[in-house]
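Participant: Before I ask anything, let me first share the structure, which is written out below as structure tokens.
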Amino acid sequence: PPTHNGLVATQKEREHHDGHTNNVGEGRLQIVNEHQEFSKELSPYLSKWGLLDKGFAYDVVSVFGSQSTGKSTLLNRLFGTSFDVMDESRRQQTTKGIWMCPSSYGNTLVMDVEGTDGRERGEDQDFERKSALFSLASTEVLIVNLWEHQIGLYNGANMGLLKTVFEVNLGLFGGGGDSSKPKPQEKTMILFVIRDHVGSTPVSNLTATLTQDMEKIWASLSKPQHLADATLSSYFDLSFATLPHKVLMPEKFEEEVIELRKRFTDRSRSDYVFQPSYHKRIPADGVGFYMEGIWQQVLTNKDLDLPTQQELLAQFRCDEISASATETFLASSKVVRKPVEAGQVIEGLGVLMKDWLDTALGKFDRDASRYHSGVYQRKRLDLLSSLHSNLSSLFLGQLKNLHKIELNNFTKNLSKGTKEVNYDFAKIVTSAQEQAKQNFLNGAKEVVVDGTDWEYTSELELLEDDLRNIADRYRKDETKKMVNTIERNVKRQLFEPVEVALSQPSPKMWDTVLTTYKEVSEDAEGSYLSKAKSYNCSDEENETALASLRARTWLSLRRKLEEQTSDATILATLRTTFEERFRYDEAGVPRVWKPEDDIESAFTKAKEETLKLLPIFSQITPSTPSLLPTLPSPEVSFDIESDPIPFDPSTAFVLLSPTKLLSLETRFKREADAAYVEAKRSMVSSVAQ
Ligand code: GDP
Ligand code: MG
């Protein structure tokens with residue numbers, strides 16, 4: 001009979017076992033409980049066991065066999081684990097489910113399945129099938145535990161169990177592809193551990209029988225069409241071990257367990273069991289998610305599609321790894337985000353960004369590259385583009401700040417340059433412009449990240465526009481300053497000749513004034529043009545400035561003439577002219593009137609001659625009309641008051657109205673009359689003396 005009775009653990013053994021439990025008892029986890037629920041604790045436990053960051057450098061072993069055949073006992077002895085062992089003295093049942101515990105000897109995860117006694121009940125077979133599926137999806141080495149006397153018995157439950165294992169395995173690893181050959185990672189080792197080996201039958205006989213039995217079971221499987229030719233050995237490597245009776249020969253048992261353990265721990269041995277080809281290539285940090293997914297699939301009785309499971313796992317894990325890489329990335333980049341937003345240019349930002357990218361991608365590559373490569377590549381692109389788009393706001397911010405700072409520097413350089421003595425404005429602008437552009441370009445190039453389509457040409461164009469605008473503003477100011485200077489010169493050159501001419505009124509007076517005006521105007525324009533050459537002014541700007549200059553020159557003349565034709569000035573001029581004629585003789589000697597002198601006719605002559613001069617002032621009238629200047633148009637932008645009179649041909653040359661002339665004449669006559677009376681009186685008094 002397959003069920004083994006009469007083996008009762010001694011008290012001493014239990015103590016030994018309990019002692020062990022106390023050592024690593026904390027480390028055991030029920031990954032699937034009696035209600036077939038999957039534990040949420042697997043990943044935390046893997047982390048606690050120090051396996052989470054092992055990548056592929058870990059192994060998985062699980063055990064199969066009838067109930068109460070000493071499986072848990074064997075695992076505990078082999079791996080130092082703490083699985084529950086049935087206590088037959090108290091007939092205590094172990095807790096149903098799938099258990100996991102790390103080996104005390106190396107990075108090995110050990111899984112133990114606990115069902116219930118007796119396979120009669122359908123549910124147990126169901127659980128066995130489920131746990132077989134589950135274990136095979138990750139196990140490298142499957143220990144099949146059986147009594148020596150079970151070998152060769154076909155009616156036993158064990159054979160059914162193995163058939164289950166084979167079927168399940170074909171379902172798992174036989175499905176994909178059109179080849180009947182499994183992929184390297186789809187191979188599993190079956191290690192038969194023959195218990196209570198008495199030794200009367202040679203091991204070679206036992207293994208031969210077992211191998212034959214396996215081949216028979218394999219042959220009896222109903223395989224899918226495309227796997228009809230598949231051989232047992234392309235999916236499984238068979239290996240064997242025997243152990244003596246644990247109760248009857250405890251020392252021998254212990255010795256051989258230690259020997260058997262070496263096959264799990266000593267890589268140098270030829271019979272080392274964890275060969276790379278058995279590894280299911282689930283990275284350790286994905287085991288939790290993967291196993292849970294497998295179990296859910298098993299539960300819903302769906303066909304287990306491992307490639308899909310691995311892709312799902314890859315997606316999930318790559319997302320997690322990507323999120324964690326992004327988190328670190330954001331934490332590093334956070335430091336500069338505020339200053340950039342506040343307008344600061346970060347020195348070496350490009351190097352920093354490259355560093356954050358490299359760190360994030362390095363982290364991602366290290367952990368995620370172990371997963372499904374298509375998914376990994378895709379998720380890597382996603383990550384990269386999300387990191388790039390995250391950095392692009394910093395890039396744009398830096399450009400904006402570079403722009404602002406270079407504009408500032410440019411303005412400063414212009415201000416400084418135009419304060420120096422004898423500066424060349426055009427040179428100052430050109431070199432400041434070059435410097436601003438170069439600095440901007442250097443900064444912009446530094447901050448472009450390789451592999452992006454980031455560009456700064458439009459920002460550069462904006463900068464150039466702004467530089468041009470500022471330069472234009474400065475040039476306008478400069479031109480204005482220059483026009484002002486020339487205007488001062490114009491006034492200096494114009495005023496004295498005009499004053500002189502108008503103080504000696506004559507019909508030729510206007511020719512003198514207008515000739516001087518013409519010369520001074522031409523001089524002013526010439527001096528503007530020669531200075532403006534270095535300013536890079538546009539023709540339009542030159543036109544504006546010249547128009548302004550012409551308007552101002554004309555206005556200067558006109559204002560001077562108005563001043564010279566004010567009532568007081570005209571009266572003074574007339575008085576002087578009159579006195580020169582009346583009170584002085586032809587030789588310029590002051591007259592002393594004598595009684596015989598004809599004061600009256602002298603007076604009348606002087607008065608009339610002087611009065612003849614008055615109308616000359618009323619209007620600018622040169623000897624030929626061609627001497628009259630063309631009137632400039634008023635230049636409003638140069639702050640000239642908008643008085644239309646000086647610029648309107650009908651008024652511009654008129655200085656005194658007829659009424660004004662009349663009133664001046666009257667006033668002058670009165671003054672002249674006074675002079676006559678005075679002259680008379682002075683003669684009478686000189687006679688009286
Ligand atoms: P499992 O149900 O297969 O995990 O078996 P357990 O490890 O719980 O052990 C069931 C019973 O078998 C316990 O009472 C053990 O003491 C006993 N047992 C353990 N190892 C051996 C062994 O090597 N030979 C025999 N005959 N009994 C054993
Ligand atoms: Mg057990």
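In the structure tokens, chains take letters A, B, ... by order of appearance, with residues numbered from 1 within each chain and ligands from 1 in the order shown.
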Using only C-alpha atoms, which residues sit within 10 Å of Ala545 in chain A once same-chain residues fewer than 4 positions away are excluded, as a PyMOL selection string?

Facilitator: chain A and resi 476+479-480+482-483+525+528-529+532+537+539-541+549-551+635+637-638

Participant: Report as CSV the residues of chain A within 7 Å of ligand 1, each with its shortest atom pair and distance in Å (one decimal), using only C-alpha atoms and all ligand atoms, ordered by chain and increasing residue number.

Facilitator:
```
residue,atom,partner,partner_atom_place_in_ligand_line,distance
A:Leu7,CA,ligand 1,27 (N),5.1
A:Val8,CA,ligand 1,14 (O),5.0
A:Ala9,CA,ligand 1,16 (O),4.2
A:Gly65,CA,ligand 1,3 (O),6.7
A:Ser66,CA,ligand 1,3 (O),6.4
A:Gln67,CA,ligand 1,2 (O),4.4
A:Ser68,CA,ligand 1,2 (O),3.2
A:Thr69,CA,ligand 1,3 (O),3.9
A:Gly70,CA,ligand 1,5 (O),3.3
A:Lys71,CA,ligand 1,3 (O),3.7
A:Ser72,CA,ligand 1,4 (O),3.7
A:Thr73,CA,ligand 1,7 (O),3.7
A:Leu74,CA,ligand 1,20 (N),6.5
A:Asp84,CA,ligand 1,8 (O),6.5
A:Val85,CA,ligand 1,8 (O),3.5
A:Met86,CA,ligand 1,8 (O),3.8
A:Asp87,CA,ligand 1,14 (O),5.3
A:Glu88,CA,ligand 1,14 (O),4.9
A:Glu114,CA,ligand 1,2 (O),6.7
A:Arg195,CA,ligand 1,23 (O),5.7
A:Asp196,CA,ligand 1,24 (N),5.5
A:Pro244,CA,ligand 1,23 (O),6.7
A:His245,CA,ligand 1,24 (N),4.8
A:Lys246,CA,ligand 1,23 (O),3.9
A:Val247,CA,ligand 1,24 (N),6.1
```

Participant: Step one, run DSSP on the backbone; step two, keep only residues of range 187-344 of chain A assigned to strand (DSSP E or B); then write them as a compact mmCIF listing (two decimals) with C-alpha atoms, in the first residue's frame.

Facilitator:
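Listed below is the output, part27.txt:
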```txt
# COMPACT_ATOMS: atom_id res chain seq x y z
CA THR A 188 13.33 20.84 -15.69
CA MET A 189 15.28 18.36 -13.61
CA ILE A 190 13.43 15.62 -11.80
CA LEU A 191 15.37 14.33 -8.87
CA PHE A 192 13.96 11.11 -7.50
CA VAL A 193 14.73 10.66 -3.85
CA ILE A 194 14.17 7.05 -2.93
CA ARG A 195 13.36 6.85 0.76
CA PHE A 236 13.27 16.52 -18.32
CA ASP A 237 16.58 15.36 -17.03
CA LEU A 238 16.19 12.51 -14.56
CA SER A 239 18.43 12.14 -11.60
CA PHE A 240 18.35 9.82 -8.60
CA ALA A 241 19.28 9.66 -4.96
CA THR A 242 18.57 7.20 -2.17
```

Participant: So the first atom is CA of Asp477 in chain A and the second is CA of Arg552 in chain A; what is the distance between them in Å, to one decimal place?

Facilitator: 16.9 Å

Participant: Name the closest residue to ligand 2 among the candidates A:Met111, A:Val165, A:Leu414, A:Leu574; distances are taken between atoms, counting only C-alpha atoms and all ligand atoms.

Facilitator: A:Met111

Participant: Using Å and a single decimal, report how far CA of Asp365 in chain A sits from CA of Asp53 in chain A.

Facilitator: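 Interatomic distance here is 13.8 Å.
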
Participant: Which residues come within 9 Å of range 645-652 of chain A, counting only C-alpha atoms, excluding same-chain residues fewer than 5 positions away, as a ChimeraX atom specification?

Facilitator: /A:551,554-555,558-559,620,630-634

Participant: Go ahead and save the residues from that selection, with all heavy atoms, as a short mmCIF file (atom, residue, chain, number, x, y, z; two decimals), in the first residue's frame.

Facilitator:
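Dumped everything to out.cif:
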```cif
data_model
loop_
_atom_site.label_atom_id
_atom_site.label_comp_id
_atom_site.auth_asym_id
_atom_site.auth_seq_id
_atom_site.Cartn_x
_atom_site.Cartn_y
_atom_site.Cartn_z
N ALA A 551 14.49 121.02 -40.36
CA ALA A 551 13.41 121.73 -39.70
C ALA A 551 13.95 122.59 -38.57
O ALA A 551 13.57 123.75 -38.38
CB ALA A 551 12.39 120.73 -39.17
N TRP A 554 15.94 125.61 -39.83
CA TRP A 554 15.03 126.64 -40.31
C TRP A 554 14.36 127.35 -39.14
O TRP A 554 14.27 128.57 -39.08
CB TRP A 554 13.98 126.06 -41.25
CG TRP A 554 12.85 127.00 -41.53
CD1 TRP A 554 11.55 126.87 -41.14
CD2 TRP A 554 12.93 128.26 -42.19
NE1 TRP A 554 10.81 127.93 -41.52
CE2 TRP A 554 11.64 128.83 -42.17
CE3 TRP A 554 13.98 128.99 -42.80
CZ2 TRP A 554 11.34 130.07 -42.74
CZ3 TRP A 554 13.68 130.22 -43.37
CH2 TRP A 554 12.38 130.75 -43.34
N LEU A 555 13.93 126.51 -38.19
CA LEU A 555 13.23 127.09 -37.05
C LEU A 555 14.17 128.01 -36.26
O LEU A 555 13.74 129.07 -35.76
CB LEU A 555 12.70 125.97 -36.15
CG LEU A 555 11.55 126.35 -35.24
CD1 LEU A 555 10.34 126.78 -36.07
CD2 LEU A 555 11.18 125.19 -34.33
N ARG A 558 14.27 131.26 -38.08
CA ARG A 558 12.98 131.94 -37.97
C ARG A 558 12.84 132.56 -36.56
O ARG A 558 12.45 133.72 -36.41
CB ARG A 558 11.89 130.91 -38.26
CG ARG A 558 10.48 131.27 -37.91
CD ARG A 558 9.80 132.15 -38.94
NE ARG A 558 8.67 132.81 -38.30
CZ ARG A 558 7.76 133.53 -38.91
NH1 ARG A 558 7.85 133.73 -40.21
NH2 ARG A 558 6.79 134.10 -38.26
N ARG A 559 13.19 131.77 -35.51
CA ARG A 559 13.06 132.28 -34.15
C ARG A 559 13.99 133.49 -33.92
O ARG A 559 13.64 134.48 -33.28
CB ARG A 559 13.36 131.19 -33.12
CG ARG A 559 12.36 130.06 -33.11
CD ARG A 559 11.08 130.42 -32.37
NE ARG A 559 10.10 129.34 -32.45
CZ ARG A 559 8.97 129.38 -33.15
NH1 ARG A 559 8.64 130.46 -33.84
NH2 ARG A 559 8.14 128.36 -33.16
N ILE A 620 10.74 138.45 -45.40
CA ILE A 620 12.05 138.02 -45.92
C ILE A 620 11.98 138.13 -47.43
O ILE A 620 11.29 137.36 -48.09
CB ILE A 620 12.38 136.59 -45.50
CG1 ILE A 620 12.34 136.46 -43.97
CG2 ILE A 620 13.73 136.14 -46.05
CD1 ILE A 620 12.44 135.06 -43.46
N THR A 630 13.74 126.34 -49.71
CA THR A 630 12.57 125.48 -49.71
C THR A 630 12.28 125.20 -48.25
O THR A 630 13.19 124.88 -47.47
CB THR A 630 12.88 124.13 -50.39
OG1 THR A 630 14.13 124.25 -51.08
CG2 THR A 630 11.78 123.72 -51.33
N LEU A 631 11.00 125.26 -47.91
CA LEU A 631 10.66 125.09 -46.49
C LEU A 631 10.68 123.61 -46.11
O LEU A 631 10.10 122.78 -46.82
CB LEU A 631 9.27 125.66 -46.23
CG LEU A 631 9.18 127.17 -46.14
CD1 LEU A 631 7.74 127.60 -45.92
CD2 LEU A 631 10.07 127.70 -45.02
N PRO A 632 11.37 123.27 -45.02
CA PRO A 632 11.31 121.88 -44.55
C PRO A 632 9.92 121.60 -43.96
O PRO A 632 9.19 122.52 -43.62
CB PRO A 632 12.39 121.81 -43.49
CG PRO A 632 12.52 123.20 -42.99
CD PRO A 632 12.15 124.12 -44.11
N SER A 633 9.63 120.28 -43.80
CA SER A 633 8.36 119.97 -43.13
C SER A 633 8.66 119.85 -41.64
O SER A 633 9.76 119.46 -41.25
CB SER A 633 7.80 118.67 -43.67
OG SER A 633 8.75 117.65 -43.50
N PRO A 634 7.70 120.21 -40.82
CA PRO A 634 7.98 120.17 -39.37
C PRO A 634 8.25 118.73 -38.93
O PRO A 634 7.56 117.82 -39.34
CB PRO A 634 6.69 120.71 -38.75
CG PRO A 634 5.64 120.55 -39.78
CD PRO A 634 6.32 120.59 -41.12
#
```

Participant: May I have the residues within 12 Å of range 298-300 of chain A as a CSV table (one decimal) with all heavy atoms, in the first residue's frame, using only C-alpha atoms and disregarding those fewer than 2 positions away in the same chain?

Facilitator:
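So the final result, stored in out21.csv, reads:
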```
chain,number,residue,atom,x,y,z
A,32,VAL,N,0.4,30.1,-0.7
A,32,VAL,CA,-1.0,29.9,-1.0
A,32,VAL,C,-1.7,29.2,0.2
A,32,VAL,O,-1.1,28.2,0.7
A,32,VAL,CB,-1.2,28.9,-2.3
A,32,VAL,CG1,-2.6,28.5,-2.5
A,32,VAL,CG2,-0.6,29.6,-3.5
A,35,HIS,N,-7.4,28.2,1.7
A,35,HIS,CA,-8.5,28.7,0.8
A,35,HIS,C,-8.1,29.0,-0.6
A,35,HIS,O,-8.8,29.7,-1.3
A,35,HIS,CB,-9.2,29.9,1.5
A,35,HIS,CG,-9.5,29.8,2.9
A,35,HIS,ND1,-10.4,28.8,3.3
A,35,HIS,CD2,-9.1,30.4,4.0
A,35,HIS,CE1,-10.5,28.8,4.7
A,35,HIS,NE2,-9.7,29.8,5.1
A,36,GLN,N,-6.9,28.6,-0.9
A,36,GLN,CA,-6.3,28.8,-2.2
A,36,GLN,C,-6.1,30.3,-2.6
A,36,GLN,O,-6.2,30.7,-3.7
A,36,GLN,CB,-7.2,28.1,-3.3
A,36,GLN,CG,-7.4,26.7,-3.0
A,36,GLN,CD,-7.7,25.8,-4.2
A,36,GLN,OE1,-7.9,26.4,-5.3
A,36,GLN,NE2,-7.6,24.5,-4.1
A,37,GLU,N,-5.9,31.1,-1.5
A,37,GLU,CA,-5.6,32.5,-1.8
A,37,GLU,C,-4.1,32.8,-1.8
A,37,GLU,O,-3.4,32.2,-1.0
A,37,GLU,CB,-6.2,33.4,-0.7
A,37,GLU,CG,-7.7,33.4,-0.7
A,37,GLU,CD,-8.3,33.8,0.7
A,37,GLU,OE1,-7.6,33.7,1.7
A,37,GLU,OE2,-9.5,34.1,0.7
A,38,PHE,N,-3.7,33.6,-2.7
A,38,PHE,CA,-2.2,33.9,-2.8
A,38,PHE,C,-1.8,35.0,-1.8
A,38,PHE,O,-2.5,36.0,-1.7
A,38,PHE,CB,-1.9,34.3,-4.2
A,38,PHE,CG,-0.4,34.2,-4.5
A,38,PHE,CD1,0.1,33.0,-5.0
A,38,PHE,CD2,0.4,35.3,-4.3
A,38,PHE,CE1,1.5,32.9,-5.3
A,38,PHE,CE2,1.8,35.1,-4.6
A,38,PHE,CZ,2.3,33.9,-5.1
A,126,ASP,N,-7.4,17.9,-7.6
A,126,ASP,CA,-7.5,19.2,-8.2
A,126,ASP,C,-6.4,20.1,-7.6
A,126,ASP,O,-5.6,20.8,-8.4
A,126,ASP,CB,-8.8,19.8,-7.9
A,126,ASP,CG,-8.9,21.3,-8.4
A,126,ASP,OD1,-8.7,21.5,-9.6
A,126,ASP,OD2,-9.2,22.2,-7.5
A,127,PHE,N,-6.2,20.1,-6.3
A,127,PHE,CA,-5.2,20.9,-5.7
A,127,PHE,C,-3.8,20.5,-6.2
A,127,PHE,O,-2.9,21.3,-6.4
A,127,PHE,CB,-5.3,20.9,-4.2
A,127,PHE,CG,-4.3,21.8,-3.5
A,127,PHE,CD1,-4.5,23.2,-3.6
A,127,PHE,CD2,-3.2,21.3,-2.8
A,127,PHE,CE1,-3.6,24.1,-3.0
A,127,PHE,CE2,-2.3,22.2,-2.2
A,127,PHE,CZ,-2.5,23.6,-2.3
A,128,GLU,N,-3.6,19.2,-6.3
A,128,GLU,CA,-2.3,18.7,-6.7
A,128,GLU,C,-1.9,19.2,-8.1
A,128,GLU,O,-0.8,19.6,-8.4
A,128,GLU,CB,-2.3,17.1,-6.7
A,128,GLU,CG,-1.4,16.6,-5.7
A,128,GLU,CD,-1.9,15.2,-5.3
A,128,GLU,OE1,-2.6,14.6,-6.1
A,128,GLU,OE2,-1.5,14.8,-4.2
A,129,ARG,N,-3.0,19.1,-9.0
A,129,ARG,CA,-2.8,19.6,-10.3
A,129,ARG,C,-2.4,21.1,-10.4
A,129,ARG,O,-1.5,21.5,-11.0
A,129,ARG,CB,-4.0,19.3,-11.1
A,129,ARG,CG,-3.8,19.3,-12.6
A,129,ARG,CD,-5.1,19.3,-13.4
A,129,ARG,NE,-4.9,20.1,-14.6
A,129,ARG,CZ,-4.2,19.7,-15.7
A,129,ARG,NH1,-3.7,18.5,-15.7
A,129,ARG,NH2,-4.1,20.5,-16.7
A,130,LYS,N,-3.2,21.8,-9.6
A,130,LYS,CA,-2.9,23.2,-9.5
A,130,LYS,C,-1.5,23.5,-9.0
A,130,LYS,O,-0.8,24.4,-9.5
A,130,LYS,CB,-3.9,23.9,-8.6
A,130,LYS,CG,-5.3,24.1,-9.3
A,130,LYS,CD,-6.3,24.7,-8.3
A,130,LYS,CE,-7.6,24.9,-9.0
A,130,LYS,NZ,-8.7,25.1,-8.1
A,131,SER,N,-1.1,22.8,-7.9
A,131,SER,CA,0.2,23.1,-7.4
A,131,SER,C,1.3,22.6,-8.3
A,131,SER,O,2.4,23.2,-8.3
A,131,SER,CB,0.3,22.6,-5.9
A,131,SER,OG,-0.3,21.3,-5.8
A,132,ALA,N,1.0,21.5,-9.0
A,132,ALA,CA,2.0,21.1,-10.0
A,132,ALA,C,2.3,22.1,-11.1
A,132,ALA,O,3.4,22.5,-11.4
A,132,ALA,CB,1.6,19.8,-10.6
A,133,LEU,N,1.2,22.6,-11.6
A,133,LEU,CA,1.3,23.7,-12.6
A,133,LEU,C,2.0,24.9,-12.1
A,133,LEU,O,3.0,25.4,-12.7
A,133,LEU,CB,-0.1,24.2,-12.9
A,133,LEU,CG,-0.8,23.8,-14.2
A,133,LEU,CD1,-2.3,24.1,-14.2
A,133,LEU,CD2,-0.1,24.5,-15.4
A,134,PHE,N,1.6,25.3,-10.9
A,134,PHE,CA,2.2,26.4,-10.2
A,134,PHE,C,3.7,26.2,-10.0
A,134,PHE,O,4.6,27.1,-10.4
A,134,PHE,CB,1.5,26.7,-8.9
A,134,PHE,CG,2.2,27.8,-8.1
A,134,PHE,CD1,1.9,29.1,-8.5
A,134,PHE,CD2,3.0,27.6,-7.0
A,134,PHE,CE1,2.5,30.2,-7.8
A,134,PHE,CE2,3.6,28.6,-6.3
A,134,PHE,CZ,3.3,29.9,-6.7
A,135,SER,N,4.1,25.1,-9.5
A,135,SER,CA,5.5,24.9,-9.2
A,135,SER,C,6.4,24.8,-10.4
A,135,SER,O,7.5,25.3,-10.5
A,135,SER,CB,5.7,23.6,-8.4
A,135,SER,OG,4.9,23.6,-7.3
A,136,LEU,N,5.8,24.1,-11.4
A,136,LEU,CA,6.7,23.9,-12.6
A,136,LEU,C,7.0,25.1,-13.4
A,136,LEU,O,8.0,25.2,-14.1
A,136,LEU,CB,6.0,22.9,-13.6
A,136,LEU,CG,6.2,21.4,-13.2
A,136,LEU,CD1,5.3,20.5,-14.1
A,136,LEU,CD2,7.7,21.0,-13.4
A,137,ALA,N,6.1,26.1,-13.2
A,137,ALA,CA,6.3,27.4,-13.9
A,137,ALA,C,7.5,28.1,-13.4
A,137,ALA,O,8.0,29.0,-14.1
A,137,ALA,CB,5.1,28.3,-13.8
A,168,VAL,N,1.1,18.5,-17.3
A,168,VAL,CA,1.1,19.9,-16.9
A,168,VAL,C,2.3,20.6,-17.6
A,168,VAL,O,2.2,21.7,-18.2
A,168,VAL,CB,1.2,20.1,-15.4
A,168,VAL,CG1,1.8,21.4,-15.0
A,168,VAL,CG2,-0.2,19.9,-14.8
A,171,GLY,N,1.7,21.2,-21.2
A,171,GLY,CA,0.8,22.3,-21.3
A,171,GLY,C,1.5,23.7,-21.1
A,171,GLY,O,1.3,24.6,-21.9
A,172,LEU,N,2.5,23.7,-20.2
A,172,LEU,CA,3.2,24.9,-19.9
A,172,LEU,C,4.2,25.2,-21.0
A,172,LEU,O,4.3,26.3,-21.5
A,172,LEU,CB,3.9,24.8,-18.6
A,172,LEU,CG,3.2,25.1,-17.3
A,172,LEU,CD1,4.1,24.9,-16.1
A,172,LEU,CD2,2.6,26.5,-17.3
A,291,MET,N,4.6,34.8,-9.7
A,291,MET,CA,3.9,33.7,-9.1
A,291,MET,C,2.5,34.0,-8.8
A,291,MET,O,1.6,33.1,-9.0
A,291,MET,CB,4.7,33.3,-7.8
A,291,MET,CG,6.0,32.6,-8.1
A,291,MET,SD,6.7,31.9,-6.6
A,291,MET,CE,8.0,31.0,-7.2
A,292,GLU,N,2.2,35.2,-8.4
A,292,GLU,CA,0.8,35.5,-8.2
A,292,GLU,C,0.0,35.4,-9.4
A,292,GLU,O,-1.1,34.9,-9.5
A,292,GLU,CB,0.7,36.9,-7.6
A,292,GLU,CG,-0.8,37.3,-7.3
A,292,GLU,CD,-1.0,38.5,-6.4
A,292,GLU,OE1,0.1,39.1,-6.1
A,292,GLU,OE2,-2.1,38.7,-6.0
A,293,GLY,N,0.5,35.9,-10.5
A,293,GLY,CA,-0.1,35.8,-11.8
A,293,GLY,C,-0.4,34.4,-12.2
A,293,GLY,O,-1.5,34.0,-12.7
A,294,ILE,N,0.7,33.6,-12.1
A,294,ILE,CA,0.5,32.2,-12.4
A,294,ILE,C,-0.6,31.5,-11.6
A,294,ILE,O,-1.5,30.8,-12.1
A,294,ILE,CB,1.9,31.4,-12.1
A,294,ILE,CG1,3.0,32.0,-13.0
A,294,ILE,CG2,1.7,29.9,-12.3
A,294,ILE,CD1,3.0,31.5,-14.4
A,295,TRP,N,-0.6,31.8,-10.3
A,295,TRP,CA,-1.6,31.2,-9.4
A,295,TRP,C,-3.0,31.7,-9.8
A,295,TRP,O,-3.9,30.8,-9.9
A,295,TRP,CB,-1.3,31.6,-8.0
A,295,TRP,CG,-2.3,30.8,-7.1
A,295,TRP,CD1,-3.3,31.4,-6.3
A,295,TRP,CD2,-2.3,29.4,-6.9
A,295,TRP,NE1,-4.0,30.4,-5.7
A,295,TRP,CE2,-3.4,29.2,-6.0
A,295,TRP,CE3,-1.6,28.3,-7.3
A,295,TRP,CZ2,-3.8,27.9,-5.5
A,295,TRP,CZ3,-1.9,27.1,-6.9
A,295,TRP,CH2,-3.0,26.8,-6.0
A,296,GLN,N,-3.2,32.9,-10.2
A,296,GLN,CA,-4.5,33.4,-10.6
A,296,GLN,C,-4.9,32.7,-11.9
A,296,GLN,O,-6.1,32.2,-12.0
A,296,GLN,CB,-4.5,34.9,-10.9
A,296,GLN,CG,-4.2,35.8,-9.7
A,296,GLN,CD,-5.0,35.4,-8.4
A,296,GLN,OE1,-6.1,34.9,-8.5
A,296,GLN,NE2,-4.4,35.7,-7.3
A,302,LYS,N,-7.6,28.7,-16.6
A,302,LYS,CA,-7.3,29.0,-17.9
A,302,LYS,C,-6.0,28.3,-18.3
A,302,LYS,O,-5.2,27.9,-17.5
A,302,LYS,CB,-7.0,30.5,-18.0
A,302,LYS,CG,-8.3,31.3,-18.1
A,302,LYS,CD,-7.9,32.8,-18.5
A,302,LYS,CE,-9.1,33.7,-18.2
A,302,LYS,NZ,-8.8,34.9,-17.6
A,303,ASP,N,-5.8,28.2,-19.6
A,303,ASP,CA,-4.6,27.6,-20.1
A,303,ASP,C,-3.5,28.5,-19.7
A,303,ASP,O,-3.5,29.7,-19.9
A,303,ASP,CB,-4.6,27.4,-21.6
A,303,ASP,CG,-5.4,26.1,-22.0
A,303,ASP,OD1,-5.6,25.3,-21.1
A,303,ASP,OD2,-5.7,26.0,-23.2
A,304,LEU,N,-2.4,27.9,-19.1
A,304,LEU,CA,-1.3,28.8,-18.7
A,304,LEU,C,-0.5,29.1,-19.9
A,304,LEU,O,0.1,28.2,-20.4
A,304,LEU,CB,-0.5,28.1,-17.6
A,304,LEU,CG,-0.5,28.7,-16.2
A,304,LEU,CD1,0.5,28.1,-15.4
A,304,LEU,CD2,-0.4,30.2,-16.3
A,305,ASP,N,-0.4,30.3,-20.2
A,305,ASP,CA,0.4,30.7,-21.4
A,305,ASP,C,1.6,31.5,-20.8
A,305,ASP,O,1.5,32.6,-20.5
A,305,ASP,CB,-0.5,31.6,-22.3
A,305,ASP,CG,0.3,32.2,-23.4
A,305,ASP,OD1,1.5,31.8,-23.6
A,305,ASP,OD2,-0.3,33.0,-24.2
A,306,LEU,N,2.7,30.7,-20.7
A,306,LEU,CA,3.9,31.3,-20.0
A,306,LEU,C,4.4,32.5,-20.7
A,306,LEU,O,4.8,33.5,-20.1
A,306,LEU,CB,4.9,30.3,-19.8
A,306,LEU,CG,4.7,29.3,-18.6
A,306,LEU,CD1,6.0,28.6,-18.4
A,306,LEU,CD2,4.3,30.1,-17.4
A,309,GLN,N,2.4,35.3,-19.7
A,309,GLN,CA,2.7,35.6,-18.3
A,309,GLN,C,4.0,36.4,-18.2
A,309,GLN,O,4.1,37.4,-17.4
A,309,GLN,CB,2.8,34.3,-17.5
A,309,GLN,CG,1.4,33.7,-17.2
A,309,GLN,CD,0.5,34.7,-16.4
A,309,GLN,OE1,1.0,35.3,-15.4
A,309,GLN,NE2,-0.7,34.8,-16.8
```

Participant: Which residue, A:Arg28, A:Lys594, A:Lys96, A:Lys48, has the smallest gap to ligand 2 when you use only C-alpha atoms and all ligand atoms?

Facilitator: A:Lys96
